[in-house]
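Coordinates as given in data26.csv (CSV, N, CA and C atoms):
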```csv
chain,number,residue,atom,x,y,z
X,1,MET,N,22.3,5.7,-23.4
X,1,MET,CA,21.7,6.7,-22.5
X,1,MET,C,20.7,5.9,-21.5
X,2,SER,N,21.1,5.8,-20.3
X,2,SER,CA,20.2,5.0,-19.4
X,2,SER,C,19.3,6.0,-18.6
X,3,GLU,N,18.1,5.6,-18.5
X,3,GLU,CA,17.1,6.4,-17.8
X,3,GLU,C,17.1,6.0,-16.3
X,4,GLU,N,17.5,7.0,-15.5
X,4,GLU,CA,17.5,6.7,-14.0
X,4,GLU,C,16.1,6.8,-13.5
X,5,LYS,N,15.6,5.8,-12.9
X,5,LYS,CA,14.3,5.9,-12.2
X,5,LYS,C,14.2,5.0,-11.0
X,6,SER,N,13.3,5.4,-10.1
X,6,SER,CA,13.1,4.6,-8.9
X,6,SER,C,11.7,4.2,-8.9
X,7,ASP,N,11.5,2.9,-8.6
X,7,ASP,CA,10.2,2.4,-8.6
X,7,ASP,C,9.5,2.4,-7.2
X,8,ARG,N,9.8,3.4,-6.5
X,8,ARG,CA,9.2,3.5,-5.2
X,8,ARG,C,7.7,3.7,-5.3
X,9,LEU,N,7.0,3.2,-4.2
X,9,LEU,CA,5.5,3.4,-4.1
X,9,LEU,C,5.3,4.3,-2.9
X,10,ILE,N,4.4,5.3,-3.1
X,10,ILE,CA,4.1,6.2,-2.0
X,10,ILE,C,2.6,5.8,-1.6
X,11,LEU,N,2.5,5.4,-0.3
X,11,LEU,CA,1.2,5.1,0.3
X,11,LEU,C,0.8,6.2,1.2
X,12,LYS,N,-0.3,6.8,1.0
X,12,LYS,CA,-0.7,8.0,1.9
X,12,LYS,C,-2.0,7.8,2.4
X,13,VAL,N,-2.2,8.2,3.7
X,13,VAL,CA,-3.5,8.1,4.4
X,13,VAL,C,-4.3,9.3,3.9
X,14,VAL,N,-5.5,9.0,3.3
X,14,VAL,CA,-6.4,10.0,2.8
X,14,VAL,C,-7.4,10.3,3.9
X,15,LYS,N,-7.9,9.3,4.5
X,15,LYS,CA,-8.9,9.5,5.6
X,15,LYS,C,-8.8,8.4,6.6
X,16,SER,N,-8.8,8.8,7.9
X,16,SER,CA,-8.8,7.8,9.0
X,16,SER,C,-9.4,8.5,10.2
X,17,ASN,N,-10.2,7.7,10.9
X,17,ASN,CA,-10.8,8.2,12.1
X,17,ASN,C,-9.9,7.9,13.3
X,18,PHE,N,-8.7,7.4,13.1
X,18,PHE,CA,-7.9,7.0,14.2
X,18,PHE,C,-6.6,7.8,14.1
X,19,PHE,N,-6.0,8.2,15.2
X,19,PHE,CA,-4.8,8.9,15.2
X,19,PHE,C,-3.6,8.1,14.7
X,20,MET,N,-3.0,8.6,13.6
X,20,MET,CA,-1.9,7.9,13.0
X,20,MET,C,-0.7,8.8,13.0
X,21,PRO,N,0.3,8.6,13.7
X,21,PRO,CA,1.5,9.4,13.7
X,21,PRO,C,2.2,9.5,12.4
X,22,GLN,N,2.1,8.4,11.6
X,22,GLN,CA,2.7,8.4,10.3
X,22,GLN,C,1.6,8.3,9.2
X,23,THR,N,1.5,9.3,8.3
X,23,THR,CA,0.4,9.3,7.4
X,23,THR,C,0.9,9.0,6.0
X,24,GLN,N,2.2,8.8,5.8
X,24,GLN,CA,2.7,8.5,4.4
X,24,GLN,C,3.9,7.5,4.6
X,25,TRP,N,4.0,6.6,3.6
X,25,TRP,CA,5.1,5.7,3.6
X,25,TRP,C,5.7,5.7,2.2
X,26,GLU,N,7.0,5.8,2.1
X,26,GLU,CA,7.6,5.7,0.8
X,26,GLU,C,8.3,4.3,0.7
X,27,LEU,N,7.8,3.4,-0.1
X,27,LEU,CA,8.3,2.0,-0.1
X,27,LEU,C,9.2,1.7,-1.2
X,28,GLU,N,10.4,1.2,-0.9
X,28,GLU,CA,11.3,0.7,-1.9
X,28,GLU,C,10.8,-0.7,-2.4
X,29,PRO,N,11.2,-1.1,-3.6
X,29,PRO,CA,10.8,-2.4,-4.0
X,29,PRO,C,11.0,-3.5,-3.0
X,30,GLY,N,10.0,-4.3,-2.7
X,30,GLY,CA,10.2,-5.3,-1.7
X,30,GLY,C,8.8,-5.8,-1.3
X,31,GLU,N,8.6,-6.3,-0.1
X,31,GLU,CA,7.3,-6.8,0.4
X,31,GLU,C,7.0,-6.2,1.8
X,32,TYR,N,5.8,-5.8,2.0
X,32,TYR,CA,5.4,-5.1,3.2
X,32,TYR,C,4.0,-5.6,3.6
X,33,ILE,N,3.9,-5.8,4.9
X,33,ILE,CA,2.6,-6.3,5.5
X,33,ILE,C,1.9,-5.1,6.2
X,34,ILE,N,0.6,-4.9,5.8
X,34,ILE,CA,-0.2,-3.9,6.4
X,34,ILE,C,-1.1,-4.5,7.4
X,35,GLY,N,-1.2,-3.9,8.6
X,35,GLY,CA,-2.1,-4.4,9.6
X,35,GLY,C,-2.1,-3.6,10.9
X,36,ARG,N,-2.9,-3.9,11.9
X,36,ARG,CA,-2.9,-3.1,13.1
X,36,ARG,C,-1.9,-3.6,14.1
X,37,TYR,N,-1.3,-4.8,13.9
X,37,TYR,CA,-0.3,-5.3,14.8
X,37,TYR,C,1.0,-4.5,14.7
X,38,PRO,N,1.6,-4.1,15.9
X,38,PRO,CA,2.8,-3.2,15.9
X,38,PRO,C,4.0,-3.7,15.1
X,39,THR,N,4.1,-5.0,14.9
X,39,THR,CA,5.3,-5.6,14.2
X,39,THR,C,5.1,-5.5,12.7
X,40,ASN,N,4.0,-5.1,12.2
X,40,ASN,CA,3.8,-5.0,10.7
X,40,ASN,C,4.7,-3.9,10.2
X,41,ASP,N,5.0,-3.9,8.9
X,41,ASP,CA,5.7,-2.8,8.2
X,41,ASP,C,4.9,-1.5,8.2
X,42,ILE,N,3.6,-1.6,7.9
X,42,ILE,CA,2.8,-0.5,7.8
X,42,ILE,C,1.7,-0.7,8.9
X,43,VAL,N,1.7,0.0,10.0
X,43,VAL,CA,0.8,-0.2,11.1
X,43,VAL,C,-0.4,0.8,10.9
X,44,ILE,N,-1.6,0.3,10.9
X,44,ILE,CA,-2.8,1.1,10.8
X,44,ILE,C,-3.6,0.8,12.1
X,45,PRO,N,-3.6,1.7,13.0
X,45,PRO,CA,-4.3,1.5,14.3
X,45,PRO,C,-5.8,1.7,14.3
X,46,ASP,N,-6.4,0.9,13.4
X,46,ASP,CA,-7.9,0.9,13.1
X,46,ASP,C,-8.4,-0.4,13.6
X,47,PRO,N,-9.4,-0.4,14.5
X,47,PRO,CA,-9.9,-1.7,15.0
X,47,PRO,C,-10.6,-2.6,14.0
X,48,TYR,N,-10.9,-2.0,12.8
X,48,TYR,CA,-11.5,-2.8,11.7
X,48,TYR,C,-10.4,-3.4,10.8
X,49,VAL,N,-9.2,-3.1,11.0
X,49,VAL,CA,-8.1,-3.6,10.3
X,49,VAL,C,-7.6,-4.9,11.0
X,50,SER,N,-7.4,-6.0,10.3
X,50,SER,CA,-6.9,-7.2,10.9
X,50,SER,C,-5.5,-7.1,11.3
X,51,ARG,N,-5.0,-8.0,12.2
X,51,ARG,CA,-3.6,-7.9,12.7
X,51,ARG,C,-2.7,-7.9,11.6
X,52,ARG,N,-2.9,-8.9,10.7
X,52,ARG,CA,-2.1,-9.0,9.4
X,52,ARG,C,-3.2,-8.9,8.3
X,53,HIS,N,-3.3,-7.7,7.7
X,53,HIS,CA,-4.5,-7.5,6.9
X,53,HIS,C,-4.2,-7.7,5.4
X,54,ALA,N,-3.1,-7.1,4.9
X,54,ALA,CA,-2.8,-7.2,3.5
X,54,ALA,C,-1.3,-7.2,3.3
X,55,ARG,N,-0.9,-7.5,2.0
X,55,ARG,CA,0.5,-7.5,1.7
X,55,ARG,C,0.7,-6.7,0.4
X,56,ILE,N,1.6,-5.8,0.4
X,56,ILE,CA,1.9,-5.0,-0.8
X,56,ILE,C,3.3,-5.5,-1.2
X,57,PHE,N,3.5,-5.8,-2.4
X,57,PHE,CA,4.8,-6.3,-2.9
X,57,PHE,C,5.1,-5.8,-4.3
X,58,TYR,N,6.4,-5.9,-4.6
X,58,TYR,CA,6.9,-5.4,-5.9
X,58,TYR,C,7.4,-6.7,-6.7
X,59,ARG,N,6.9,-6.9,-7.9
X,59,ARG,CA,7.3,-8.0,-8.7
X,59,ARG,C,7.3,-7.6,-10.2
X,60,ASP,N,8.4,-8.0,-10.9
X,60,ASP,CA,8.5,-7.7,-12.3
X,60,ASP,C,8.1,-6.3,-12.7
X,61,GLY,N,8.6,-5.3,-12.0
X,61,GLY,CA,8.4,-3.9,-12.4
X,61,GLY,C,7.1,-3.4,-12.0
X,62,GLU,N,6.3,-4.1,-11.3
X,62,GLU,CA,4.9,-3.6,-10.9
X,62,GLU,C,4.7,-3.8,-9.4
X,63,TRP,N,3.8,-3.0,-8.8
X,63,TRP,CA,3.4,-3.1,-7.4
X,63,TRP,C,2.0,-3.8,-7.4
X,64,TYR,N,1.9,-4.7,-6.4
X,64,TYR,CA,0.7,-5.5,-6.2
X,64,TYR,C,0.2,-5.4,-4.7
X,65,ILE,N,-1.1,-5.7,-4.5
X,65,ILE,CA,-1.6,-5.8,-3.1
X,65,ILE,C,-2.4,-7.1,-3.1
X,66,GLU,N,-2.3,-7.8,-2.0
X,66,GLU,CA,-3.1,-9.0,-1.8
X,66,GLU,C,-3.7,-9.0,-0.4
X,67,ASP,N,-4.9,-9.4,-0.3
X,67,ASP,CA,-5.6,-9.5,1.0
X,67,ASP,C,-5.1,-10.7,1.7
X,68,LEU,N,-4.8,-10.7,3.0
X,68,LEU,CA,-4.3,-11.8,3.7
X,68,LEU,C,-5.4,-12.4,4.6
X,69,ASP,N,-6.5,-12.7,3.9
X,69,ASP,CA,-7.7,-13.3,4.6
X,69,ASP,C,-8.2,-12.5,5.8
X,70,SER,N,-8.2,-11.2,5.6
X,70,SER,CA,-8.6,-10.3,6.6
X,70,SER,C,-10.1,-10.4,7.0
X,71,THR,N,-10.5,-10.0,8.1
X,71,THR,CA,-11.9,-10.1,8.6
X,71,THR,C,-12.8,-9.3,7.7
X,72,ASN,N,-12.4,-8.0,7.5
X,72,ASN,CA,-13.3,-7.1,6.7
X,72,ASN,C,-12.9,-6.9,5.3
X,73,GLY,N,-12.0,-7.6,4.8
X,73,GLY,CA,-11.6,-7.5,3.4
X,73,GLY,C,-10.8,-6.2,3.1
X,74,THR,N,-10.3,-6.2,1.8
X,74,THR,CA,-9.5,-5.0,1.3
X,74,THR,C,-10.2,-4.6,0.1
X,75,ILE,N,-10.5,-3.3,0.0
X,75,ILE,CA,-11.2,-2.7,-1.2
X,75,ILE,C,-10.1,-2.0,-2.0
X,76,VAL,N,-10.0,-2.4,-3.3
X,76,VAL,CA,-9.0,-1.7,-4.2
X,76,VAL,C,-9.8,-1.2,-5.3
X,77,GLY,N,-9.9,0.1,-5.5
X,77,GLY,CA,-10.7,0.7,-6.6
X,77,GLY,C,-12.1,0.2,-6.6
X,78,ASN,N,-12.8,0.2,-5.4
X,78,ASN,CA,-14.2,-0.2,-5.3
X,78,ASN,C,-14.5,-1.6,-5.4
X,79,GLU,N,-13.5,-2.5,-5.4
X,79,GLU,CA,-13.7,-3.9,-5.5
X,79,GLU,C,-13.0,-4.6,-4.3
X,80,ASP,N,-13.8,-5.5,-3.7
X,80,ASP,CA,-13.2,-6.3,-2.6
X,80,ASP,C,-12.3,-7.4,-3.2
X,81,ILE,N,-11.0,-7.3,-2.8
X,81,ILE,CA,-10.1,-8.3,-3.4
X,81,ILE,C,-9.9,-9.5,-2.5
X,82,LYS,N,-10.6,-9.6,-1.4
X,82,LYS,CA,-10.4,-10.8,-0.5
X,82,LYS,C,-10.6,-12.1,-1.3
X,83,GLY,N,-9.6,-13.0,-1.2
X,83,GLY,CA,-9.7,-14.3,-1.9
X,83,GLY,C,-9.4,-14.2,-3.3
X,84,LYS,N,-9.1,-13.1,-3.9
X,84,LYS,CA,-8.8,-13.0,-5.3
X,84,LYS,C,-7.4,-13.0,-5.7
X,85,GLY,N,-6.5,-13.1,-4.7
X,85,GLY,CA,-5.0,-13.1,-5.1
X,85,GLY,C,-4.5,-11.7,-5.2
X,86,ALA,N,-3.3,-11.6,-5.8
X,86,ALA,CA,-2.7,-10.3,-6.0
X,86,ALA,C,-3.3,-9.5,-7.1
X,87,VAL,N,-3.5,-8.2,-6.8
X,87,VAL,CA,-4.1,-7.2,-7.7
X,87,VAL,C,-3.1,-6.1,-7.9
X,88,LYS,N,-2.9,-5.7,-9.2
X,88,LYS,CA,-1.9,-4.7,-9.6
X,88,LYS,C,-2.4,-3.3,-9.1
X,89,LEU,N,-1.4,-2.6,-8.5
X,89,LEU,CA,-1.8,-1.2,-8.1
X,89,LEU,C,-1.4,-0.2,-9.1
X,90,GLU,N,-2.3,0.7,-9.4
X,90,GLU,CA,-2.1,1.7,-10.4
X,90,GLU,C,-2.0,3.1,-9.7
X,91,GLU,N,-1.4,4.0,-10.4
X,91,GLU,CA,-1.3,5.4,-9.9
X,91,GLU,C,-2.7,5.9,-9.6
X,92,GLY,N,-2.9,6.5,-8.4
X,92,GLY,CA,-4.1,7.1,-8.0
X,92,GLY,C,-5.1,6.1,-7.4
X,93,THR,N,-4.8,4.8,-7.4
X,93,THR,CA,-5.7,3.8,-6.8
X,93,THR,C,-6.0,4.1,-5.3
X,94,GLU,N,-7.2,3.9,-4.9
X,94,GLU,CA,-7.5,4.0,-3.5
X,94,GLU,C,-7.7,2.6,-2.9
X,95,ILE,N,-7.1,2.5,-1.7
X,95,ILE,CA,-7.2,1.2,-1.0
X,95,ILE,C,-7.9,1.5,0.3
X,96,VAL,N,-9.0,0.6,0.6
X,96,VAL,CA,-9.7,0.8,1.9
X,96,VAL,C,-9.4,-0.4,2.7
X,97,VAL,N,-8.8,-0.2,3.9
X,97,VAL,CA,-8.6,-1.2,4.9
X,97,VAL,C,-9.3,-0.8,6.2
X,98,GLY,N,-10.3,-1.6,6.6
X,98,GLY,CA,-11.1,-1.1,7.8
X,98,GLY,C,-11.8,0.1,7.4
X,99,LEU,N,-11.7,1.2,8.3
X,99,LEU,CA,-12.3,2.5,8.0
X,99,LEU,C,-11.3,3.5,7.5
X,100,THR,N,-10.1,3.0,7.1
X,100,THR,CA,-9.0,3.9,6.7
X,100,THR,C,-8.8,3.8,5.1
X,101,ILE,N,-8.7,4.9,4.5
X,101,ILE,CA,-8.5,5.0,3.1
X,101,ILE,C,-7.1,5.5,2.8
X,102,LEU,N,-6.4,4.7,1.9
X,102,LEU,CA,-5.0,5.0,1.5
X,102,LEU,C,-5.0,5.3,0.0
X,103,SER,N,-4.1,6.2,-0.4
X,103,SER,CA,-4.0,6.4,-1.9
X,103,SER,C,-2.6,6.0,-2.3
X,104,VAL,N,-2.5,5.6,-3.6
X,104,VAL,CA,-1.3,5.0,-4.1
X,104,VAL,C,-0.7,6.0,-5.1
X,105,SER,N,0.6,6.4,-5.0
X,105,SER,CA,1.2,7.1,-6.1
X,105,SER,C,2.6,6.5,-6.3
X,106,LYS,N,3.1,6.6,-7.5
X,106,LYS,CA,4.4,6.0,-7.8
X,106,LYS,C,5.4,7.1,-7.9
X,107,SER,N,6.5,6.9,-7.3
X,107,SER,CA,7.6,7.9,-7.3
X,107,SER,C,8.5,7.5,-8.4
X,108,LYS,N,8.5,8.2,-9.5
X,108,LYS,CA,9.4,7.9,-10.6
X,108,LYS,C,10.3,9.1,-10.7
X,109,GLU,N,11.6,8.9,-10.3
X,109,GLU,CA,12.5,10.0,-10.4
X,109,GLU,C,13.2,10.0,-11.8
X,110,GLU,N,12.5,10.4,-12.7
X,110,GLU,CA,13.0,10.4,-14.1
X,110,GLU,C,13.5,11.8,-14.5
X,111,ARG,N,13.0,12.8,-13.9
X,111,ARG,CA,13.3,14.2,-14.3
X,111,ARG,C,14.6,14.6,-13.6
X,112,GLU,N,15.6,14.8,-14.4
X,112,GLU,CA,16.8,15.4,-13.9
X,112,GLU,C,16.9,16.8,-14.5
X,113,SER,N,17.6,17.7,-13.8
X,113,SER,CA,17.7,19.1,-14.3
X,113,SER,C,18.4,19.0,-15.7
X,114,GLU,N,17.7,19.6,-16.7
X,114,GLU,CA,18.2,19.6,-18.1
X,114,GLU,C,18.9,20.8,-18.4
```

For the structure just supplied, provide its representation as structure tokens.
Amino acid sequence: MSEEKSDRLILKVVKSNFFMPQTQWELEPGEYIIGRYPTNDIVIPDPYVSRRHARIFYRDGEWYIEDLDSTNGTIVGNEDIKGKGAVKLEEGTEIVVGLTILSVSKSKEERESE
């Protein structure tokens, strides 16, 4: 009996002072760059966000975030992770990039109609 599940990550804007047409991203396992530059995977039009601010990636069944030497750092669960390497993302974690707050939730599609 195999358990069908998807390890998608949902990244949602909780608070931002800047107009953002997209306020939620559903990420498939992979690697994504967050920043204010329009070529990034997740674009945050916040002047306090670096062009290439942070990297979110999936490895060994877990999601991680790593600051990419941003000017203002990346706060994960009240801790600045700049220079600390990859940090595991947990359900409900808040990420602060610039003046924008994002929340993390994991999409586990385990429930099928019984």

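Among the candidates X:Arg51, X:Asn40, X:Val14, X:Trp25, the residue lying nearest to Val96 of chain X is X:Val14 (atoms considered: only C-alpha atoms).
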
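Note that the spacing between atom N of Glu94 of chain X and atom CA of Pro38 of chain X amounts to 24.1 Å.
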
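Checking X:Ile33, X:Ile42, X:Ala54, X:Ile95 one by one against Asn78 of chain X, counting only C-alpha atoms, you find the shortest gap at X:Ile95.
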
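Residues in contact with Ile65 of chain X at up to 7 Å, not including ones fewer than 2 positions away on its chain and judged by only N, CA and C atoms, are X:Ala54, X:Arg55, X:Ile56, X:Phe57, X:Trp63, X:Asp67, X:Gly85, X:Ala86, X:Val87, X:Lys88, X:Leu89.
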
If you run DSSP on the backbone, which residues of segment 68-113 of chain X are strand (DSSP E or B), as a PDB file with N, CA and C atoms, keeping the file's coordinate frame?
```pdb
ATOM      1  N   THR X  74     -10.300  -6.200   1.800  1.00  0.00           N
ATOM      2  CA  THR X  74      -9.500  -5.000   1.300  1.00  0.00           C
ATOM      3  C   THR X  74     -10.200  -4.600   0.100  1.00  0.00           C
ATOM      4  N   ILE X  75     -10.500  -3.300   0.000  1.00  0.00           N
ATOM      5  CA  ILE X  75     -11.200  -2.700  -1.200  1.00  0.00           C
ATOM      6  C   ILE X  75     -10.100  -2.000  -2.000  1.00  0.00           C
ATOM      7  N   VAL X  76     -10.000  -2.400  -3.300  1.00  0.00           N
ATOM      8  CA  VAL X  76      -9.000  -1.700  -4.200  1.00  0.00           C
ATOM      9  C   VAL X  76      -9.800  -1.200  -5.300  1.00  0.00           C
ATOM     10  N   GLU X  79     -13.500  -2.500  -5.400  1.00  0.00           N
ATOM     11  CA  GLU X  79     -13.700  -3.900  -5.500  1.00  0.00           C
ATOM     12  C   GLU X  79     -13.000  -4.600  -4.300  1.00  0.00           C
ATOM     13  N   ASP X  80     -13.800  -5.500  -3.700  1.00  0.00           N
ATOM     14  CA  ASP X  80     -13.200  -6.300  -2.600  1.00  0.00           C
ATOM     15  C   ASP X  80     -12.300  -7.400  -3.200  1.00  0.00           C
ATOM     16  N   VAL X  87      -3.500  -8.200  -6.800  1.00  0.00           N
ATOM     17  CA  VAL X  87      -4.100  -7.200  -7.700  1.00  0.00           C
ATOM     18  C   VAL X  87      -3.100  -6.100  -7.900  1.00  0.00           C
ATOM     19  N   LYS X  88      -2.900  -5.700  -9.200  1.00  0.00           N
ATOM     20  CA  LYS X  88      -1.900  -4.700  -9.600  1.00  0.00           C
ATOM     21  C   LYS X  88      -2.400  -3.300  -9.100  1.00  0.00           C
ATOM     22  N   GLU X  94      -7.200   3.900  -4.900  1.00  0.00           N
ATOM     23  CA  GLU X  94      -7.500   4.000  -3.500  1.00  0.00           C
ATOM     24  C   GLU X  94      -7.700   2.600  -2.900  1.00  0.00           C
ATOM     25  N   ILE X  95      -7.100   2.500  -1.700  1.00  0.00           N
ATOM     26  CA  ILE X  95      -7.200   1.200  -1.000  1.00  0.00           C
ATOM     27  C   ILE X  95      -7.900   1.500   0.300  1.00  0.00           C
ATOM     28  N   VAL X  96      -9.000   0.600   0.600  1.00  0.00           N
ATOM     29  CA  VAL X  96      -9.700   0.800   1.900  1.00  0.00           C
ATOM     30  C   VAL X  96      -9.400  -0.400   2.700  1.00  0.00           C
ATOM     31  N   VAL X  97      -8.800  -0.200   3.900  1.00  0.00           N
ATOM     32  CA  VAL X  97      -8.600  -1.200   4.900  1.00  0.00           C
ATOM     33  C   VAL X  97      -9.300  -0.800   6.200  1.00  0.00           C
ATOM     34  N   THR X 100     -10.100   3.000   7.100  1.00  0.00           N
ATOM     35  CA  THR X 100      -9.000   3.900   6.700  1.00  0.00           C
ATOM     36  C   THR X 100      -8.800   3.800   5.100  1.00  0.00           C
ATOM     37  N   ILE X 101      -8.700   4.900   4.500  1.00  0.00           N
ATOM     38  CA  ILE X 101      -8.500   5.000   3.100  1.00  0.00           C
ATOM     39  C   ILE X 101      -7.100   5.500   2.800  1.00  0.00           C
ATOM     40  N   LEU X 102      -6.400   4.700   1.900  1.00  0.00           N
ATOM     41  CA  LEU X 102      -5.000   5.000   1.500  1.00  0.00           C
ATOM     42  C   LEU X 102      -5.000   5.300   0.000  1.00  0.00           C
ATOM     43  N   SER X 103      -4.100   6.200  -0.400  1.00  0.00           N
ATOM     44  CA  SER X 103      -4.000   6.400  -1.900  1.00  0.00           C
ATOM     45  C   SER X 103      -2.600   6.000  -2.300  1.00  0.00           C
ATOM     46  N   VAL X 104      -2.500   5.600  -3.600  1.00  0.00           N
ATOM     47  CA  VAL X 104      -1.300   5.000  -4.100  1.00  0.00           C
ATOM     48  C   VAL X 104      -0.700   6.000  -5.100  1.00  0.00           C
ATOM     49  N   SER X 105       0.600   6.400  -5.000  1.00  0.00           N
ATOM     50  CA  SER X 105       1.200   7.100  -6.100  1.00  0.00           C
ATOM     51  C   SER X 105       2.600   6.500  -6.300  1.00  0.00           C
ATOM     52  N   LYS X 106       3.100   6.600  -7.500  1.00  0.00           N
ATOM     53  CA  LYS X 106       4.400   6.000  -7.800  1.00  0.00           C
ATOM     54  C   LYS X 106       5.400   7.100  -7.900  1.00  0.00           C
ATOM     55  N   SER X 107       6.500   6.900  -7.300  1.00  0.00           N
ATOM     56  CA  SER X 107       7.600   7.900  -7.300  1.00  0.00           C
ATOM     57  C   SER X 107       8.500   7.500  -8.400  1.00  0.00           C
TER      58      SER X 107
END
```

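Going from atom CA of Tyr32 of chain X over to atom C of Gly98 of chain X, you cover 18.5 Å.
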
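Our summary of the geometry notes that atom N of Ser103 of chain X is positioned 9.9 Å from atom N of Ser16 of chain X.
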
Review point. Looking at X:Gln24, X:Ser50, X:Thr100, X:Ser105, which one is nearest to Asp7 of chain X, with distances taken over only C-alpha atoms?
Key: X:Ser105

Spatial neighbours of Thr93 of chain X, 6 Å, only N, CA and C atoms, chain gap at least 4 places, as an mmCIF file with N, CA and C atoms, in the frame of the given file:
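Contents of out07.cif, as written:
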```cif
data_model
loop_
_atom_site.group_PDB
_atom_site.id
_atom_site.type_symbol
_atom_site.label_atom_id
_atom_site.label_comp_id
_atom_site.auth_asym_id
_atom_site.auth_seq_id
_atom_site.Cartn_x
_atom_site.Cartn_y
_atom_site.Cartn_z
ATOM 1 N N GLY X 77 -9.900 0.100 -5.500
ATOM 2 C CA GLY X 77 -10.700 0.700 -6.600
ATOM 3 C C GLY X 77 -12.100 0.200 -6.600
ATOM 4 N N LEU X 102 -6.400 4.700 1.900
ATOM 5 C CA LEU X 102 -5.000 5.000 1.500
ATOM 6 C C LEU X 102 -5.000 5.300 0.000
ATOM 7 N N SER X 103 -4.100 6.200 -0.400
ATOM 8 C CA SER X 103 -4.000 6.400 -1.900
ATOM 9 C C SER X 103 -2.600 6.000 -2.300
ATOM 10 N N VAL X 104 -2.500 5.600 -3.600
ATOM 11 C CA VAL X 104 -1.300 5.000 -4.100
ATOM 12 C C VAL X 104 -0.700 6.000 -5.100
#
```

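Omitting Lys82 of chain X and its sequence neighbours fewer than 6 positions away, and counting all atoms listed in the file, the residues within 7 Å are Glu66, Asp67, Leu68, Asp69, Ser70, Gly73, Thr74 and Ile75 of chain X.
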